[in-house]
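The data block below is data15.cif; it holds mmCIF, C-alpha atoms.
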data_model
loop_
_atom_site.group_PDB
_atom_site.id
_atom_site.type_symbol
_atom_site.label_atom_id
_atom_site.label_comp_id
_atom_site.auth_asym_id
_atom_site.auth_seq_id
_atom_site.Cartn_x
_atom_site.Cartn_y
_atom_site.Cartn_z
ATOM 1 C CA MET A 21 0.000 0.000 0.000
ATOM 2 C CA ALA A 22 1.169 3.526 -0.806
ATOM 3 C CA ASN A 23 2.502 5.614 2.054
ATOM 4 C CA HIS A 24 3.201 9.005 0.494
ATOM 5 C CA VAL A 25 0.411 11.517 0.135
ATOM 6 C CA SER A 26 0.941 11.802 -3.618
ATOM 7 C CA ALA A 27 0.945 8.015 -4.011
ATOM 8 C CA LEU A 28 -2.280 7.742 -2.011
ATOM 9 C CA LYS A 29 -3.866 10.371 -4.257
ATOM 10 C CA ARG A 30 -2.770 8.523 -7.404
ATOM 11 C CA ALA A 31 -4.268 5.324 -6.001
ATOM 12 C CA ARG A 32 -7.603 7.099 -5.431
ATOM 13 C CA GLN A 33 -7.514 8.574 -8.945
ATOM 14 C CA THR A 34 -6.704 5.191 -10.464
ATOM 15 C CA THR A 35 -9.674 3.614 -8.712
ATOM 16 C CA LYS A 36 -12.050 6.278 -10.054
ATOM 17 C CA LYS A 37 -10.661 6.166 -13.598
ATOM 18 C CA THR A 38 -10.798 2.363 -13.635
ATOM 19 C CA ALA A 39 -14.502 2.478 -12.757
ATOM 20 C CA VAL A 40 -15.188 5.019 -15.533
ATOM 21 C CA ASN A 41 -13.190 3.037 -18.101
ATOM 22 C CA ARG A 42 -14.947 -0.190 -17.150
ATOM 23 C CA ALA A 43 -18.360 1.472 -17.507
ATOM 24 C CA ASN A 44 -17.421 2.863 -20.933
ATOM 25 C CA LYS A 45 -16.178 -0.516 -22.161
ATOM 26 C CA THR A 46 -19.301 -2.268 -20.837
ATOM 27 C CA HIS A 47 -21.566 0.234 -22.610
ATOM 28 C CA PHE A 48 -19.568 -0.272 -25.830
ATOM 29 C CA ARG A 49 -19.865 -4.057 -25.681
ATOM 30 C CA SER A 50 -23.554 -4.079 -24.783
ATOM 31 C CA THR A 51 -24.345 -1.763 -27.697
ATOM 32 C CA LEU A 52 -22.539 -4.080 -30.118
ATOM 33 C CA ARG A 53 -24.355 -7.064 -28.613
ATOM 34 C CA ALA A 54 -27.716 -5.344 -29.125
ATOM 35 C CA LEU A 55 -26.883 -4.685 -32.776
ATOM 36 C CA ARG A 56 -25.789 -8.273 -33.367
ATOM 37 C CA GLU A 57 -29.017 -9.541 -31.786
ATOM 38 C CA ALA A 58 -31.086 -7.217 -33.996
ATOM 39 C CA ILE A 59 -29.237 -8.524 -37.060
ATOM 40 C CA GLN A 60 -29.909 -12.081 -35.901
ATOM 41 C CA LYS A 61 -33.646 -11.370 -35.637
ATOM 42 C CA GLY A 62 -33.674 -9.770 -39.092
ATOM 43 C CA ASP A 63 -35.881 -6.770 -38.270
ATOM 44 C CA ALA A 64 -34.656 -4.145 -40.795
ATOM 45 C CA PRO A 65 -35.904 -0.950 -39.048
ATOM 46 C CA ALA A 66 -34.509 -2.121 -35.717
ATOM 47 C CA VAL A 67 -31.199 -3.029 -37.346
ATOM 48 C CA THR A 68 -30.758 0.405 -38.904
ATOM 49 C CA ALA A 69 -31.667 2.149 -35.643
ATOM 50 C CA GLU A 70 -29.265 -0.028 -33.658
ATOM 51 C CA TYR A 71 -26.542 0.552 -36.257
ATOM 52 C CA ARG A 72 -26.830 4.341 -35.875
ATOM 53 C CA THR A 73 -26.552 3.974 -32.117
ATOM 54 C CA ALA A 74 -23.608 1.579 -32.411
ATOM 55 C CA VAL A 75 -21.656 3.898 -34.728
ATOM 56 C CA SER A 76 -22.153 6.762 -32.286
ATOM 57 C CA VAL A 77 -20.971 4.635 -29.364
ATOM 58 C CA ILE A 78 -17.963 3.385 -31.354
ATOM 59 C CA ASP A 79 -16.945 6.961 -32.189
ATOM 60 C CA LYS A 80 -17.335 8.002 -28.548
ATOM 61 C CA SER A 81 -15.279 4.998 -27.439
ATOM 62 C CA VAL A 82 -12.490 6.011 -29.797
ATOM 63 C CA ARG A 83 -12.625 9.578 -28.498
ATOM 64 C CA LYS A 84 -12.459 8.381 -24.874
ATOM 65 C CA GLY A 85 -9.606 5.968 -25.578
ATOM 66 C CA VAL A 86 -11.547 2.785 -24.898
ATOM 67 C CA ILE A 87 -10.540 1.411 -28.310
ATOM 68 C CA HIS A 88 -7.989 2.446 -30.929
ATOM 69 C CA ALA A 89 -9.111 4.540 -33.905
ATOM 70 C CA ASN A 90 -8.326 1.819 -36.441
ATOM 71 C CA THR A 91 -10.200 -0.733 -34.345
ATOM 72 C CA GLY A 92 -13.237 1.540 -34.359
ATOM 73 C CA SER A 93 -13.050 1.909 -38.131
ATOM 74 C CA ARG A 94 -12.765 -1.849 -38.543
ATOM 75 C CA TYR A 95 -15.810 -2.438 -36.310
ATOM 76 C CA LYS A 96 -17.879 0.097 -38.258
ATOM 77 C CA SER A 97 -16.860 -1.352 -41.608
ATOM 78 C CA ARG A 98 -17.652 -4.940 -40.683
ATOM 79 C CA LEU A 99 -20.901 -4.052 -38.948
ATOM 80 C CA ASN A 100 -21.969 -1.957 -41.940
ATOM 81 C CA ALA A 101 -21.448 -4.952 -44.227
ATOM 82 C CA ARG A 102 -23.545 -7.130 -41.932
ATOM 83 C CA VAL A 103 -26.278 -4.477 -41.693
ATOM 84 C CA LYS A 104 -26.436 -4.092 -45.475
ATOM 85 C CA ALA A 105 -26.677 -7.856 -45.874
ATOM 86 C CA ALA A 106 -29.401 -8.091 -43.228
ATOM 87 C CA VAL A 107 -31.458 -5.267 -44.719
ATOM 88 C CA SER A 108 -31.127 -6.515 -48.302
ATOM 89 C CA GLY A 109 -31.877 -10.104 -47.313
ATOM 90 C CA LYS A 110 -28.583 -11.581 -48.499
ATOM 91 C CA PRO A 111 -26.460 -13.622 -46.116
ATOM 92 C CA ALA A 112 -23.459 -11.694 -44.778
ATOM 93 C CA ALA A 113 -20.951 -14.246 -46.094
ATOM 94 C CA ALA A 114 -22.235 -13.870 -49.658
ATOM 95 C CA ALA A 115 -22.091 -10.087 -49.418
ATOM 96 C CA SER A 116 -18.485 -10.157 -48.226
ATOM 97 C CA LYS A 117 -17.493 -12.630 -50.954
ATOM 98 C CA THR A 118 -18.822 -10.381 -53.679
ATOM 99 C CA SER A 119 -16.987 -7.377 -52.295
ATOM 100 C CA SER A 120 -13.742 -9.354 -51.989
ATOM 101 C CA ALA A 121 -14.186 -10.563 -55.575
ATOM 102 C CA LYS A 122 -14.579 -6.950 -56.706
ATOM 103 C CA LYS A 123 -11.444 -5.939 -54.795
ATOM 104 C CA SER A 124 -9.394 -8.727 -56.323
ATOM 105 C CA ALA A 125 -10.659 -7.820 -59.803
ATOM 106 C CA GLN A 126 -9.706 -4.178 -59.251
ATOM 107 C CA SER A 127 -6.239 -5.064 -57.990
ATOM 108 C CA ALA A 128 -5.670 -7.292 -61.047
ATOM 109 C CA ARG A 129 -6.114 -4.315 -63.373
#
Serialized structure, structure tokens:
Amino acid sequence: MANHVSALKRARQTTKKTAVNRANKTHFRSTLRALREAIQKGDAPAVTAEYRTAVSVIDKSVRKGVIHANTGSRYKSRLNARVKAAVSGKPAAAASKTSSAKKSAQSAR
């Protein structure tokens, strides 16, 4: 245990910041879980509403330092592909295969 006044203060600050960071990460994960469940159910209006909420939470998480900026971009990109597939009625795997086929065709040029 810390004995100096400054070390005691840092310990108190760490405890508070840990609680805030944990709450932010929990909110981030639960929002993603809600979106994935909406995609699973296949309700298009609910999926689009949850996606808007999820993108906002991802951006806030990046701003607060919960996740890295590139990680946030990757989440948004992959979730957007799944949302498009769910709304259009195509399976997500087929949608990603067509986009990867387009990318490979473009890189071959």
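Applied to the file shown here, the PyMOL selection byres ((chain A and resi 54) around 12) selects the residues A:His47, A:Phe48, A:Arg49, A:Ser50, A:Thr51, A:Leu52, A:Arg53, A:Leu55, A:Arg56, A:Glu57, A:Ala58, A:Ile59, A:Gln60, A:Lys61, A:Ala66, A:Val67, A:Thr68, A:Ala69, A:Glu70, A:Tyr71, A:Arg72, A:Thr73, A:Ala74.
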**Q.** For atom CA of Ser26 of chain A and atom CA of Asn44 of chain A, the interatomic separation in Å (one decimal)
**A.**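 About the pair atom CA of Ser26 of chain A and atom CA of Asn44 of chain A: they are 26.8 Å apart.
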(Q) I want to know what sits within 9 Å of Gly92 of chain A, based on only C-alpha atoms, with residues of the same chain fewer than 6 positions away left out; could you give that as a PyMOL selection string? (A) chain A and resi 75+78-79+81-82
(Q) When you count all atoms listed in the file, which of these residues is closest to Tyr95 of chain A: A:Val107, A:Val77, A:Val40, A:Ala64? (A) A:Val77
**Q.** Separation of atom CA of Ala43 of chain A from atom CA of Ala31 of chain A in Å
**A.** 18.6 Å
Q: Tell me which of A:Asn41, A:Thr46, A:Ser108, A:Asn100 sits closest to Gly85 of chain A, counting all atoms listed in the file.
A: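 The shortest atom-to-atom distance to Gly85 of chain A comes from A:Asn41.
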**Q.** Two-atom distance - atom CA of Arg94 of chain A, atom CA of Arg42 of chain A (Å)
**A.**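 Here the two named atoms are 21.6 Å from each other.
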Q | A:His24, A:Val86, A:Ser76, A:Pro65 ranked by distance to Thr38 of chain A, top pick (using only C-alpha atoms) | A | A:Val86
